[in-house]
Amino acid sequence: MDRRYFLKASGIGLASFGFMAAAPEFLHQFAAAQSTAKGFGKKKVLVTIFQRGAVDGLNMVVPHGESQYYAIRRNIAIPQPGKANGALDLDGFFGLHPSMKPLEAFWKNKQLAVIHSAGSPDNTRSHFDAQDYMETATPGYKGTKDGWLNRVLQATSKKNESPFRAVSLTQSLPRSLYGKAPSVAMTNLSDFSIKAGLYTSDLKGGFEGIYQENAKDSLGETGKETFEAVNFLKKANPSQYKPENGAVYPATGLGRSLQQIAQMIKAGIGLEVAFAEMGGWDTHSNQSFGQNPSQGQLANLLRDFSTAIAAFATDLGKRMDDVVVLTMSEFGRRAAENGTRGTDHGHGNAMFVLGNSVKGGKVYADWKGLKPEALDSGDLAVTTDFRDVFAEAAYKHMGSHDLKKLFPHYTAAKEKFTGFLG
């Protein structure tokens, strides 16, 4: 087993760290942190989940108290609470899609909040542009180099911090984490730490020998640091991990990602920002099944989504004191259904915030309604800029207070916060 094969099989080539040129700096930073720190202590963690494809926020968080909702969605509207397959009532006006039952207990315990009619001031209906604008937090500006989460990390950076401050459970680094602050992208924690780690004891000497003979290889001077990084990440012990508090993660992409994020939080490797994503939300047709709008394509997605998040929060238990989960999607769907029992690209949407520090049990919304005169070109109007939601999470939870630097081209301010965090 030579070094090139080892790097390829273990998933720790330079690209696995989410960037290329910065990899040596990343690993040297790791070595410095390990030589000076006994542990990274308890950290505040922000977990972001991107619902790629534009989720139908009106059927996810249902305005069952508004008759116009049922008038413009005759075939796909979720029935009112109390009716067969009806919405799970939240506050007498809004309700959750019935497949989101796993999150109901967190709402009742005031750990879960909803921000409705949220979104971007830019009205693009391009998935690519809208996702880019949301991840850079600069709507309308395509030239932004870094992502908003990376700017949060830059603002709170200290000497000799863990290079695992930011981890994305994705194949490549998301736009949100582009920037100067080191960030890691990996598809599977086991691939990253265990497959590589199995060989570190036996091959370390041999590997370093190979490294000496191949000093001009792409890894350069980082061979030793690579092994140290792999061994450090093994503290998460993914092969023997057992969720706590009876939590059961779904055997899906999001379920596996959130379980691995929970593992890293418990391992104390210095994680501060985690990113996960889930696709499939672009429901142009057959959004529901037959005559039952509470079943079908959207219902299955929301069941996976809510079950994974509920398992994550249950697993962490008291550790959720220091963790906030924030969900987002690039834009919403049209207010009215289309001719194929689906919804087309829209504007305003709903976001979730979950954590023990969240002022939950409330839908935060400046709700204008769904009547024609209240709509924005046929879409739910955006009354809360998504950057105000991001800013509140960054300021109150992560301690990143320079909002001007965090959100260029926008005047973010504490006065614009909705108040979902204490």
# chains A, B, ... in the order shown; residues from 1 in each chain; ligands from 1

call {"tool": "residues_around", "arguments": {"residues": "Ser400 of chain A", "least_positions_apart": "3", "cutoff": "7 Å", "atoms": "only C-alpha atoms", "output": "mmCIF file with C-alpha atoms, in the first residue's frame"}}
result
data_model
loop_
_atom_site.group_PDB
_atom_site.id
_atom_site.type_symbol
_atom_site.label_atom_id
_atom_site.label_comp_id
_atom_site.auth_asym_id
_atom_site.auth_seq_id
_atom_site.Cartn_x
_atom_site.Cartn_y
_atom_site.Cartn_z
ATOM 1 C CA VAL A 152 -18.441 34.493 11.248
ATOM 2 C CA ALA A 155 -14.550 37.502 13.194
ATOM 3 C CA THR A 156 -14.052 35.238 16.217
ATOM 4 C CA ALA A 394 -24.106 35.163 14.553
ATOM 5 C CA TYR A 395 -24.376 37.958 17.110
#

call {"tool": "residues_around", "arguments": {"residues": "Gln51 of chain A", "least_positions_apart": "6", "cutoff": "12 Å", "atoms": "only C-alpha atoms", "output": "PyMOL selection string"}}
result
chain A and resi 57+60+127+131+134+254+275-282+301-302+304-306+326-332+349-352

call {"tool": "closest_residue", "arguments": {"among": "A:Asn150, A:Thr48, A:Thr383, A:Ser157", "to": "Ser183 of chain A", "atoms": "only C-alpha atoms"}}
result
A:Asn150

call {"tool": "residues_around", "arguments": {"residues": "Gln287 of chain A", "least_positions_apart": "4", "cutoff": "6 Å", "atoms": "only C-alpha atoms", "output": "compact mmCIF listing (two decimals) with C-alpha atoms, in the first residue's frame"}}
result
# COMPACT_ATOMS: atom_id res chain seq x y z
CA THR A 283 -41.66 20.09 -6.25
CA GLN A 297 -43.20 13.58 -2.37
CA LEU A 298 -43.16 16.58 -0.03
CA GLY A 342 -47.25 21.13 -7.64

call {"tool": "closest_residue", "arguments": {"among": "A:Gly246, A:Gly270, A:Asn188, A:Ile72", "to": "Gly378 of chain A", "atoms": "only C-alpha atoms"}}
result
A:Ile72

call {"tool": "select_by_dssp", "arguments": {"residues": "segment 115-193 of chain A", "states": "strand (DSSP E)", "output": "ChimeraX atom specification"}}
result
/A:115-119,166-168,184-185

call {"tool": "write_last_selection", "arguments": {"atoms": "N, CA and C atoms", "output": "PDB file, in the first residue's frame"}}
result
ATOM      1  N   ILE A 115     -39.535  31.183  11.689  1.00  0.00           N
ATOM      2  CA  ILE A 115     -39.548  32.523  11.105  1.00  0.00           C
ATOM      3  C   ILE A 115     -40.214  32.387   9.746  1.00  0.00           C
ATOM      4  N   HIS A 116     -41.399  32.967   9.593  1.00  0.00           N
ATOM      5  CA  HIS A 116     -42.159  32.842   8.344  1.00  0.00           C
ATOM      6  C   HIS A 116     -42.112  34.149   7.552  1.00  0.00           C
ATOM      7  N   SER A 117     -42.392  34.034   6.262  1.00  0.00           N
ATOM      8  CA  SER A 117     -42.295  35.166   5.337  1.00  0.00           C
ATOM      9  C   SER A 117     -40.872  35.705   5.302  1.00  0.00           C
ATOM     10  N   ALA A 118     -39.916  34.807   5.445  1.00  0.00           N
ATOM     11  CA  ALA A 118     -38.506  35.189   5.405  1.00  0.00           C
ATOM     12  C   ALA A 118     -37.946  34.920   4.009  1.00  0.00           C
ATOM     13  N   GLY A 119     -36.881  35.625   3.670  1.00  0.00           N
ATOM     14  CA  GLY A 119     -36.260  35.384   2.371  1.00  0.00           C
ATOM     15  C   GLY A 119     -35.378  36.524   1.935  1.00  0.00           C
ATOM     16  N   ALA A 166     -14.860  24.412  11.586  1.00  0.00           N
ATOM     17  CA  ALA A 166     -15.959  24.374  10.619  1.00  0.00           C
ATOM     18  C   ALA A 166     -15.871  23.093   9.808  1.00  0.00           C
ATOM     19  N   VAL A 167     -16.924  22.306   9.848  1.00  0.00           N
ATOM     20  CA  VAL A 167     -16.962  21.040   9.112  1.00  0.00           C
ATOM     21  C   VAL A 167     -18.265  20.967   8.327  1.00  0.00           C
ATOM     22  N   SER A 168     -18.139  20.620   7.054  1.00  0.00           N
ATOM     23  CA  SER A 168     -19.304  20.418   6.206  1.00  0.00           C
ATOM     24  C   SER A 168     -19.396  18.952   5.830  1.00  0.00           C
ATOM     25  N   VAL A 184     -13.366  22.283   6.721  1.00  0.00           N
ATOM     26  CA  VAL A 184     -13.183  20.920   6.248  1.00  0.00           C
ATOM     27  C   VAL A 184     -14.476  20.414   5.621  1.00  0.00           C
ATOM     28  N   ALA A 185     -14.368  19.777   4.471  1.00  0.00           N
ATOM     29  CA  ALA A 185     -15.514  19.103   3.856  1.00  0.00           C
ATOM     30  C   ALA A 185     -15.224  17.616   3.815  1.00  0.00           C
TER      31      ALA A 185
END
